[in-house]
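Source file: start-v6.txt. Holds: compact mmCIF, C-alpha atoms.
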```txt
# COMPACT_ATOMS: atom_id res chain seq x y z
CA MET A 1332 -43.92 -0.21 -11.94
CA SER A 1333 -40.31 0.35 -10.89
CA PHE A 1334 -37.31 2.16 -12.32
CA SER A 1335 -36.41 1.29 -15.89
CA ASN A 1336 -33.06 -0.32 -16.64
CA GLN A 1337 -31.98 2.91 -18.33
CA ILE A 1338 -32.61 4.97 -15.18
CA LYS A 1339 -30.79 2.38 -13.06
CA GLU A 1340 -27.79 2.53 -15.38
CA ASP A 1341 -27.85 6.34 -15.44
CA ILE A 1342 -27.93 6.81 -11.66
CA SER A 1343 -25.27 4.10 -11.24
CA ALA A 1344 -22.99 5.91 -13.67
CA LEU A 1345 -23.65 9.35 -12.14
CA ALA A 1346 -22.80 8.00 -8.66
CA ALA A 1347 -19.81 5.99 -9.98
CA ARG A 1348 -21.42 2.92 -8.43
CA HIS A 1349 -20.94 4.33 -4.91
CA CYS A 1350 -23.59 4.67 -2.24
CA CYS A 1351 -24.79 8.28 -2.18
CA VAL A 1352 -25.03 8.27 1.63
CA CYS A 1353 -21.95 6.41 2.95
CA HIS A 1354 -19.90 6.95 -0.25
CA GLN A 1355 -18.70 3.34 -0.22
CA HIS A 1356 -18.18 1.21 -3.30
CA LYS A 1357 -20.06 -2.01 -2.56
CA GLY A 1358 -19.64 -3.84 -5.86
CA ASN A 1359 -22.97 -5.36 -6.80
CA ASN A 1360 -24.48 -4.72 -3.35
CA LEU A 1361 -26.28 -1.56 -4.48
CA GLU A 1362 -29.93 -0.74 -5.08
CA VAL A 1363 -31.85 2.14 -6.64
CA HIS A 1364 -34.23 3.67 -4.09
CA HIS A 1365 -37.20 6.02 -4.46
CA ILE A 1366 -36.45 9.30 -2.68
CA GLU A 1367 -40.17 10.00 -2.46
CA ALA A 1368 -41.94 6.70 -1.86
CA LYS A 1369 -44.35 5.62 -4.56
CA ALA A 1370 -47.06 5.39 -1.91
CA GLN A 1371 -46.59 9.14 -1.34
CA GLY A 1372 -46.71 9.93 -5.05
CA GLY A 1373 -43.05 9.41 -5.92
CA GLU A 1374 -42.34 8.77 -9.60
CA ASP A 1375 -40.00 6.35 -11.40
CA THR A 1376 -37.76 9.15 -12.66
CA LEU A 1377 -34.04 9.90 -12.51
CA GLU A 1378 -34.76 12.91 -10.29
CA ASN A 1379 -36.47 10.64 -7.75
CA ALA A 1380 -33.79 7.92 -7.89
CA ILE A 1381 -30.86 7.53 -5.50
CA LEU A 1382 -28.22 4.79 -5.42
CA LEU A 1383 -27.83 3.19 -1.98
CA CYS A 1384 -25.97 0.25 -0.50
CA PHE A 1385 -27.99 -2.43 1.28
CA ASP A 1386 -27.35 -0.95 4.75
CA CYS A 1387 -28.29 2.62 3.83
CA HIS A 1388 -31.25 1.35 1.83
CA ALA A 1389 -32.51 -0.41 4.95
CA ASP A 1390 -32.14 2.81 6.97
CA ALA A 1391 -34.02 4.80 4.34
CA GLY A 1392 -36.76 2.20 4.20
CA HIS A 1393 -37.29 2.47 7.96
CA TYR A 1394 -37.98 6.20 7.85
CA PHE A 1395 -41.17 7.18 9.65
CA ALA A 1396 -41.89 10.88 10.14
CA GLY A 1397 -43.95 10.25 13.26
CA HIS A 1398 -41.12 8.49 15.12
CA PRO A 1399 -38.93 11.05 16.92
CA LYS A 1400 -35.98 8.83 17.86
CA GLY A 1401 -32.77 8.87 15.80
CA LEU A 1402 -31.58 10.85 12.79
CA LYS A 1403 -33.64 9.40 9.96
CA LEU A 1404 -32.95 9.36 6.23
CA SER A 1405 -35.93 11.46 5.23
CA PRO A 1406 -36.69 12.28 1.58
CA SER A 1407 -35.21 15.75 2.02
CA ALA A 1408 -32.06 14.27 3.57
CA LEU A 1409 -31.76 11.76 0.72
CA LYS A 1410 -32.00 14.58 -1.83
CA LYS A 1411 -29.17 16.44 -0.11
CA HIS A 1412 -27.02 13.31 0.07
CA LYS A 1413 -27.63 12.58 -3.60
CA ASN A 1414 -26.88 16.11 -4.82
CA SER A 1415 -23.79 16.37 -2.63
CA TRP A 1416 -22.32 13.04 -3.74
CA LEU A 1417 -23.02 13.56 -7.44
CA GLU A 1418 -21.25 16.93 -7.19
CA ILE A 1419 -18.24 15.27 -5.51
CA VAL A 1420 -18.09 12.62 -8.23
CA LYS A 1421 -18.21 15.27 -10.95
CA GLU A 1422 -15.65 17.63 -9.42
CA ASN A 1423 -13.16 14.92 -8.47
CA LYS A 1424 -13.71 12.81 -11.58
CA ILE A 1425 -14.36 9.70 -9.50
CA ASN A 1426 -14.58 6.61 -11.68
CA ILE A 1427 -16.27 3.29 -11.17
CA PRO A 1428 -13.71 1.05 -9.41
CA VAL A 1429 -12.50 -1.87 -11.46
CA LEU A 1430 -12.29 -5.08 -9.46
CA GLN A 1431 -9.19 -6.90 -10.60
CA ASP A 1432 -9.55 -10.61 -11.23
CA VAL A 1433 -6.52 -11.20 -9.01
CA SER A 1434 -5.17 -8.94 -6.28
CA LEU A 1435 -1.98 -8.94 -4.25
CA SER A 1436 -2.64 -6.95 -1.11
CA PHE A 1437 -0.93 -5.94 2.09
CA SER A 1438 -2.29 -7.71 5.16
CA HIS A 1439 -1.93 -5.80 8.43
CA ASN A 1440 -1.63 -7.95 11.56
CA GLU A 1441 0.39 -8.28 14.76
CA ARG A 1442 3.47 -9.36 12.79
CA THR A 1443 3.49 -6.24 10.63
CA ARG A 1444 6.15 -3.59 11.18
CA LEU A 1445 6.34 -0.46 9.04
CA ASN A 1446 7.77 1.88 11.66
CA PRO A 1447 11.55 1.30 11.67
CA VAL A 1448 13.64 2.92 14.39
CA PHE A 1449 17.10 4.32 13.62
CA ILE A 1450 19.81 5.76 15.83
CA ARG A 1451 21.42 9.04 14.81
CA LYS A 1452 24.75 8.97 16.60
CA THR A 1453 26.63 12.25 16.90
CA THR A 1454 30.29 12.13 17.92
CA ILE A 1455 31.60 15.28 19.54
CA TYR A 1456 35.23 15.95 20.44
CA LYS A 1457 36.52 17.23 23.77
CA ASP A 1458 39.93 18.27 24.99
CA ILE A 1459 42.04 15.43 26.30
CA LYS A 1460 43.30 17.75 29.02
CA GLU A 1461 40.03 17.20 30.90
CA LEU A 1462 41.14 13.64 31.66
CA ARG A 1463 44.73 14.28 32.68
CA LYS A 1464 43.75 15.06 36.26
CA ILE A 1465 41.85 11.78 36.62
CA ASP A 1466 43.35 8.89 38.56
CA TYR A 1467 42.48 6.37 35.86
CA LYS A 1468 43.99 3.42 37.74
CA SER A 1469 41.61 3.84 40.65
CA ILE A 1470 38.68 4.20 38.24
CA LEU A 1471 39.53 0.96 36.46
CA LYS A 1472 40.07 -0.74 39.78
CA ASP A 1473 36.54 0.16 40.90
CA LEU A 1474 34.91 -1.07 37.68
CA PRO A 1475 32.91 -4.30 38.10
CA PRO A 1476 34.72 -7.25 36.52
CA THR A 1477 33.34 -8.36 33.18
CA PRO A 1478 34.64 -10.88 30.63
CA LEU A 1479 35.44 -7.99 28.30
CA GLN A 1480 37.34 -6.14 31.01
CA VAL A 1481 39.30 -9.22 32.10
CA GLN A 1482 40.27 -10.10 28.56
CA PHE A 1483 41.00 -6.69 27.11
CA LEU A 1484 41.67 -4.24 29.96
CA ASP A 1485 43.54 -6.04 32.68
CA PRO A 1486 46.49 -5.68 32.63
CA LYS A 1487 46.73 -3.86 29.29
CA VAL A 1488 45.60 -0.45 30.55
CA ASP A 1489 48.82 0.53 32.25
CA SER A 1490 49.32 4.02 30.85
CA PHE A 1491 47.35 7.20 30.28
CA GLU A 1492 47.40 6.57 26.53
CA ASP A 1493 45.86 3.13 27.07
CA PHE A 1494 43.20 4.75 29.24
CA ILE A 1495 42.35 7.28 26.51
CA ASN A 1496 42.08 4.48 23.96
CA PHE A 1497 39.71 2.68 26.31
CA ILE A 1498 37.56 5.80 26.82
CA ASN A 1499 37.47 6.42 23.06
CA GLY A 1500 36.43 2.82 22.37
CA GLU A 1501 39.59 1.79 20.54
CA HIS A 1502 39.63 -1.56 22.39
CA ILE A 1503 36.27 -2.39 20.80
CA LYS A 1504 37.69 -1.79 17.33
CA LYS A 1505 40.48 -4.28 18.05
CA LEU A 1506 37.90 -6.98 18.65
CA ASN A 1507 36.80 -6.62 15.03
CA PHE A 1508 33.17 -7.23 15.90
CA GLN A 1509 30.99 -7.83 12.86
CA ASN A 1510 27.47 -6.48 12.81
CA PRO A 1511 25.26 -9.53 12.07
CA PHE A 1512 22.59 -7.22 10.62
CA GLU A 1513 24.92 -5.45 8.21
CA ASN A 1514 23.95 -5.77 4.54
CA ASN A 1515 20.87 -7.89 5.26
CA SER A 1516 17.25 -7.29 6.18
CA GLN A 1517 16.66 -10.02 8.77
CA PRO A 1518 14.84 -8.79 11.89
CA VAL A 1519 16.39 -11.39 14.22
CA HIS A 1520 19.88 -12.88 14.50
CA HIS A 1521 20.66 -16.02 16.48
CA SER A 1522 24.17 -16.62 17.77
CA MET A 1523 26.21 -18.61 20.26
CA ASP A 1524 27.35 -16.69 23.33
CA MET A 1525 30.63 -17.17 25.18
CA TYR A 1526 29.02 -19.71 27.52
CA PHE A 1527 27.83 -21.82 24.55
CA GLY A 1528 24.23 -20.79 24.89
CA SER A 1529 21.92 -19.47 22.19
CA THR A 1530 21.27 -15.72 22.17
CA LYS A 1531 18.91 -13.64 20.06
CA SER A 1532 19.30 -10.05 18.85
CA SER A 1533 16.43 -8.06 17.34
CA ASN A 1534 16.79 -5.26 14.81
CA GLU A 1535 14.10 -2.60 15.13
CA SER A 1536 15.28 -0.88 11.94
CA ILE A 1537 13.80 -3.63 9.75
CA CYS A 1538 10.29 -3.58 8.25
CA LEU A 1539 8.06 -6.66 8.12
CA ILE A 1540 5.08 -7.23 5.83
CA ASN A 1541 2.62 -9.97 4.96
CA LEU A 1542 1.14 -10.26 1.47
CA ILE A 1543 -1.98 -12.13 0.38
CA LEU A 1544 -2.86 -13.21 -3.16
CA ARG A 1545 -6.61 -13.36 -3.80
CA ASN A 1546 -8.52 -14.77 -6.75
CA ASN A 1547 -11.50 -12.44 -7.23
CA GLY A 1548 -12.27 -13.63 -10.75
CA LEU A 1549 -14.50 -16.23 -12.29
CA LYS A 1550 -11.82 -18.69 -13.38
CA VAL A 1551 -9.42 -21.01 -11.59
CA LEU A 1552 -5.76 -20.00 -11.58
CA GLU A 1553 -3.51 -22.88 -12.57
CA ASP A 1554 0.28 -23.28 -12.70
CA PHE A 1555 0.80 -19.74 -11.45
CA LYS A 1556 3.72 -17.82 -10.01
CA VAL A 1557 4.17 -14.18 -9.02
CA TYR A 1558 7.25 -12.06 -9.67
CA LEU A 1559 7.90 -9.30 -7.11
CA LYS A 1560 10.02 -6.17 -7.33
CA PHE A 1561 10.67 -3.85 -4.37
CA GLU A 1562 11.54 -0.24 -5.12
CA ASN A 1563 13.04 2.32 -2.77
CA VAL A 1564 14.48 -0.35 -0.46
CA VAL A 1565 18.10 -1.19 0.31
CA CYS A 1566 17.46 -4.92 0.38
CA ALA A 1567 14.64 -7.39 0.99
CA ASP A 1568 14.37 -11.06 1.87
CA THR A 1569 12.12 -13.77 3.24
CA VAL A 1570 12.12 -13.82 7.04
CA ASN A 1571 14.34 -16.58 8.42
CA LYS A 1572 12.16 -19.26 10.02
CA ASN A 1573 14.90 -20.57 12.32
CA THR A 1574 14.02 -20.09 15.98
CA SER A 1575 17.47 -20.58 17.53
CA TYR A 1576 21.17 -20.86 16.74
CA ILE A 1577 21.04 -24.66 16.95
CA ASP A 1578 17.91 -25.00 14.81
CA PHE A 1579 19.05 -27.46 12.15
CA GLU A 1580 15.64 -28.03 10.59
CA LYS A 1581 15.46 -27.20 6.91
CA TYR A 1582 12.57 -24.94 5.94
CA ASP A 1583 10.81 -24.50 2.64
CA TYR A 1584 10.02 -20.97 1.50
CA ASN A 1585 7.44 -20.01 -1.11
CA VAL A 1586 9.13 -16.64 -1.80
CA ILE A 1587 12.64 -16.83 -3.23
CA PHE A 1588 14.75 -13.69 -3.66
CA ASN A 1589 17.02 -13.67 -6.70
CA ASN A 1590 18.83 -10.53 -5.54
CA LYS A 1591 18.33 -7.74 -3.01
CA THR A 1592 15.07 -6.43 -4.50
CA ASP A 1593 13.59 -9.07 -6.86
CA ALA A 1594 11.79 -12.25 -5.86
CA VAL A 1595 9.43 -14.90 -7.15
CA PHE A 1596 6.49 -16.45 -5.29
CA ILE A 1597 6.04 -20.14 -6.15
CA PRO A 1598 3.21 -21.74 -4.14
CA ASP A 1599 3.22 -25.35 -3.01
CA TYR A 1600 -0.17 -25.86 -4.63
CA LYS A 1601 -0.37 -24.27 -8.06
CA VAL A 1602 -4.16 -24.02 -8.15
CA LEU A 1603 -6.14 -21.11 -6.70
CA VAL A 1604 -9.90 -21.42 -7.04
CA GLN A 1605 -12.38 -18.57 -7.20
CA LYS A 1606 -12.83 -16.46 -4.03
CA ASP A 1607 -9.88 -18.20 -2.39
CA PHE A 1608 -6.57 -16.72 -1.23
CA ILE A 1609 -3.05 -17.77 -0.33
CA GLU A 1610 -0.57 -16.08 2.01
CA LEU A 1611 3.03 -15.47 1.01
CA ASP A 1612 5.93 -16.08 3.38
CA GLN A 1613 6.61 -13.06 5.56
CA ILE A 1614 8.97 -10.59 3.91
CA CYS A 1615 11.46 -8.27 5.59
CA PHE A 1616 13.15 -5.26 4.05
CA ARG A 1617 15.53 -2.45 4.93
CA THR A 1618 15.08 1.19 3.93
CA GLU A 1619 17.06 4.37 4.37
CA GLU A 1620 16.05 6.44 7.37
CA ASN A 1621 14.51 9.20 5.20
CA VAL A 1622 12.28 6.93 3.10
CA ASN A 1623 8.55 7.40 3.69
CA GLU A 1624 7.13 5.16 0.96
CA ILE A 1625 8.11 2.05 -0.99
CA LYS A 1626 6.65 0.56 -4.15
CA ILE A 1627 5.94 -3.12 -4.79
CA THR A 1628 5.36 -4.23 -8.37
CA TRP A 1629 3.97 -7.70 -8.95
CA HIS A 1630 3.52 -9.73 -12.12
CA LEU A 1631 1.27 -12.80 -12.07
CA LEU A 1632 1.77 -15.47 -14.71
CA ALA A 1633 -0.61 -18.43 -14.94
CA ARG A 1634 -2.03 -20.76 -17.53
CA ASP A 1635 -3.89 -18.52 -20.01
CA TYR A 1636 -3.58 -15.55 -17.66
CA ASP A 1637 -1.24 -12.57 -17.22
CA GLN A 1638 -1.65 -9.59 -14.87
CA LYS A 1639 0.75 -6.88 -13.72
CA GLU A 1640 0.01 -4.33 -10.97
CA SER A 1641 1.75 -2.29 -8.28
CA PHE A 1642 0.95 -0.63 -4.96
CA ASN A 1643 2.69 1.62 -2.43
CA LEU A 1644 3.27 1.22 1.29
CA LYS A 1645 3.81 4.11 3.70
CA ILE A 1646 6.85 3.94 6.00
CA HIS A 1647 6.88 5.79 9.33
CA SER A 1648 10.48 6.02 10.54
CA THR A 1649 11.62 7.20 13.97
CA ILE A 1650 15.10 8.56 14.65
CA VAL A 1651 16.55 8.41 18.16
CA ASP A 1652 19.45 10.76 18.90
CA GLU A 1653 22.50 9.52 20.80
CA GLU A 1654 25.75 11.26 21.61
CA ASP A 1655 29.28 9.88 21.78
CA VAL A 1656 32.31 11.71 23.17
CA LYS A 1657 35.91 11.31 22.08
CA TYR A 1658 38.88 12.99 23.73
CA VAL A 1659 41.57 14.37 21.43
CA GLU A 1660 44.26 16.98 21.26
CA SER A 1661 43.00 20.25 19.74
CA PRO A 1662 39.27 19.36 19.58
CA GLU A 1663 38.62 22.62 17.74
CA ASP A 1664 40.14 20.97 14.66
CA TYR A 1665 37.35 18.37 14.55
CA GLU A 1666 33.81 18.70 13.27
CA PRO A 1667 31.01 16.63 14.89
CA GLU A 1668 30.44 13.37 13.03
CA ILE A 1669 26.94 12.03 12.44
CA ILE A 1670 26.18 8.45 11.42
CA ILE A 1671 22.92 6.49 11.17
CA LEU A 1672 22.86 3.12 12.91
CA ASP A 1673 20.40 0.28 13.34
CA LYS A 1674 18.58 0.05 16.66
CA VAL A 1675 19.47 -3.41 17.92
CA ASN A 1676 18.21 -4.99 21.14
```

Structure encoded using structure tokens:
Amino acid sequence: MSFSNQIKEDISALAARHCCVCHQHKGNNLEVHHIEAKAQGGEDTLENAILLCFDCHADAGHYFAGHPKGLKLSPSALKKHKNSWLEIVKENKINIPVLQDVSLSFSHNERTRLNPVFIRKTTIYKDIKELRKIDYKSILKDLPPTPLQVQFLDPKVDSFEDFINFINGEHIKKLNFQNPFENNSQPVHHSMDMYFGSTKSSNESICLINLILRNNGLKVLEDFKVYLKFENVVCADTVNKNTSYIDFEKYDYNVIFNNKTDAVFIPDYKVLVQKDFIELDQICFRTEENVNEIKITWHLLARDYDQKESFNLKIHSTIVDEEDVKYVESPEDYEPEIIILDKVN
């Protein structure tokens, strides 16, 4: 004889369908094992039953008291594992996991980035008198020539006031440079440099994720789409597939953002069979520097099917401190200014 169906159901419920040794939920890959083997007088009772996964069951089945090598799953060890796990289940109210028919999950690979880097720039003010003794003309004369210097310094720095403006970065403000990463979440920006070549800038303050939709159920998904909502982010988007400034190829995206936080995933093939999966286009998003977690809510709509779930992702931000100095009259009248900037390479 073997264990009755009632005993199998009871031990499965008591263990919350987890292996009593490795504590893993293995779905249907679980078996009820005799703690004391029937050959040694073990009975088909609940007290002598333990729920094990296939791997741990194999280890328990290989126990031989006369073999000294290795730490074996002896009957006494199995009893301790069983009692310990059942107590954990009871105290922590662990439930039997429910396998969703469809799951949208985070896929971690080499393209993933959840550790944005920010620059905390502190501007301090010093007395302009420290620079009055400097021969600024000789300093500028010794500077290596650059396109910026030729265009904006020579011959416009011809007074001490011009020199102070240069030291304080006022000449940069006059250029009216626009940050290509401002108000967007793209990790890379392609542009044309002054010599008509293509340049690439990377923003390390942007997060990148890959999502996979899996059909774990028993029915085929047809005519489906998935609505996505990102919470606790400044903005999100599909990663630009262009590889250079002069890339004129038109790309198709399966994730379309309607605004800064809401999107819809529309696959090319609107059929997803059982046990199959499909990968969404890579998504990029921007967070504030103090955010340590975001929430993604997804809503799947298909023919005769509707499912809504959500999950959280941990964010691990790094802040790099930088200091800027400005020279002014009466620096004691100024408080240090702190701003958070993107880290761009």

Which one is closest to Cys1351 in chain A: A:Ile1495, A:Val1656, A:Cys1384, A:Ala1368? Count all atoms listed in the file.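 Once distances to Cys1351 in chain A are computed over all atoms listed in the file, the minimum belongs to A:Cys1384.
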
Provide the CA of Asn1360 in chain A to CA of His1439 in chain A distance in Å, to one decimal place. 25.5 Å

What's the 9 Å shell around His1354 in chain A, counting only C-alpha atoms, without same-chain residues fewer than 3 positions away, as a compact mmCIF listing (two decimals) with C-alpha atoms, keeping the file's coordinate frame?
```txt
# COMPACT_ATOMS: atom_id res chain seq x y z
CA ALA A 1346 -22.80 8.00 -8.66
CA HIS A 1349 -20.94 4.33 -4.91
CA CYS A 1350 -23.59 4.67 -2.24
CA CYS A 1351 -24.79 8.28 -2.18
CA LEU A 1383 -27.83 3.19 -1.98
CA TRP A 1416 -22.32 13.04 -3.74
```

Spatial neighbours of range 1444-1453 of chain A, max dist 7 Å, all atoms listed in the file, sep filter under 4 positions, as number ranges by chain: A: 1535-1540, 1620, 1646-1655, 1667-1674

Could you check how far CA of Phe1437 in chain A sits from CA of Asn1541 in chain A, in Å to one decimal?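 Distance between the two atoms: 6.1 Å.
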
Rounded to one decimal place, report the CA of Asn1573 in chain A-CA of Asn1514 in chain A distance in Å. 19.0 Å

Given the choices A:Ala1344, A:Leu1382, A:Ile1338, A:Ile1597, which gets closest to Glu1362 in chain A if the distance is worked out from all atoms listed in the file?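 Result for the nearest residue to Glu1362 in chain A: A:Leu1382.
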
At a cut-off of 10 Å around the point (-12.1, -15.1, -8.1) (file coordinates), what residues fall inside when counting all atoms listed in the file? I'd like the answer as a list in words.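 Residues with an atom close enough to that point: Gln1431, Asp1432, Val1433, Ser1434, Arg1545, Asn1546, Asn1547, Gly1548, Leu1549, Lys1550, Val1551, Leu1552, Leu1603, Val1604, Gln1605, Lys1606, Asp1607 and Phe1608 of chain A.
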
Could you check which of A:Glu1640, A:Asp1599, A:Glu1513, A:Asp1664 is closest to Arg1617 in chain A, using only C-alpha atoms?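 Comparing A:Glu1640, A:Asp1599, A:Glu1513, A:Asp1664 against Arg1617 in chain A, the winner is A:Glu1513.
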
Taking only C-alpha atoms into account, which of A:Ser1575, A:Asp1341, A:Asp1612, A:Trp1629 comes nearest Lys1560 in chain A?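 Among A:Ser1575, A:Asp1341, A:Asp1612, A:Trp1629, it is A:Trp1629 that comes nearest to Lys1560 in chain A.
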
So which one's closest to Asn1589 in chain A, A:Ala1567, A:Val1675, A:Ile1419, A:Leu1361? Using all atoms listed in the file, please.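 Using all atoms listed in the file, Asn1589 in chain A sits closest to A:Ala1567.
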
Counting only C-alpha atoms, the option among A:Ser1343, A:Ser1438, A:Asn1359, A:Thr1628 closest to Lys1413 in chain A: A:Ser1343

Polymer residues at most 10 Å from Lys1572 in chain A, all atoms listed in the file, same-chain spacing of 4 or more positions, as a ChimeraX atom specification: /A:1519,1578,1580-1584,1612-1613

Step by step: start from the point (22.4, -17.1, 15.6) in the file's coordinates, keep every protein, DNA or RNA residue that has an atom no farther than 9 Å from it, count all atoms listed in the file, and write the set as a list in words.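 Answer for this query, in the requested form: Pro1511, Val1519, His1520, His1521, Ser1522, Met1523, Ser1529, Thr1530, Lys1531, Ser1532, Asn1573, Thr1574, Ser1575, Tyr1576 and Ile1577 of chain A.
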
For Leu1632 in chain A, list every protein, DNA or RNA residue within 7 Å, evaluated using all atoms listed in the file, and leave out those in the same chain fewer than 3 positions away; present the list as a list in words.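 Close residues of Leu1632 in chain A: Phe1555, Lys1556, Val1557, Tyr1636, Asp1637 and Gln1638 of chain A.
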
Contacts of Val1595 in chain A within 6 Å, only C-alpha atoms, excl. fewer than 6 positions in-chain, as a list in words: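 Once the nearby chain positions are removed, what remains is Val1557, Tyr1558, Leu1559, Val1586 and Ile1587 of chain A.
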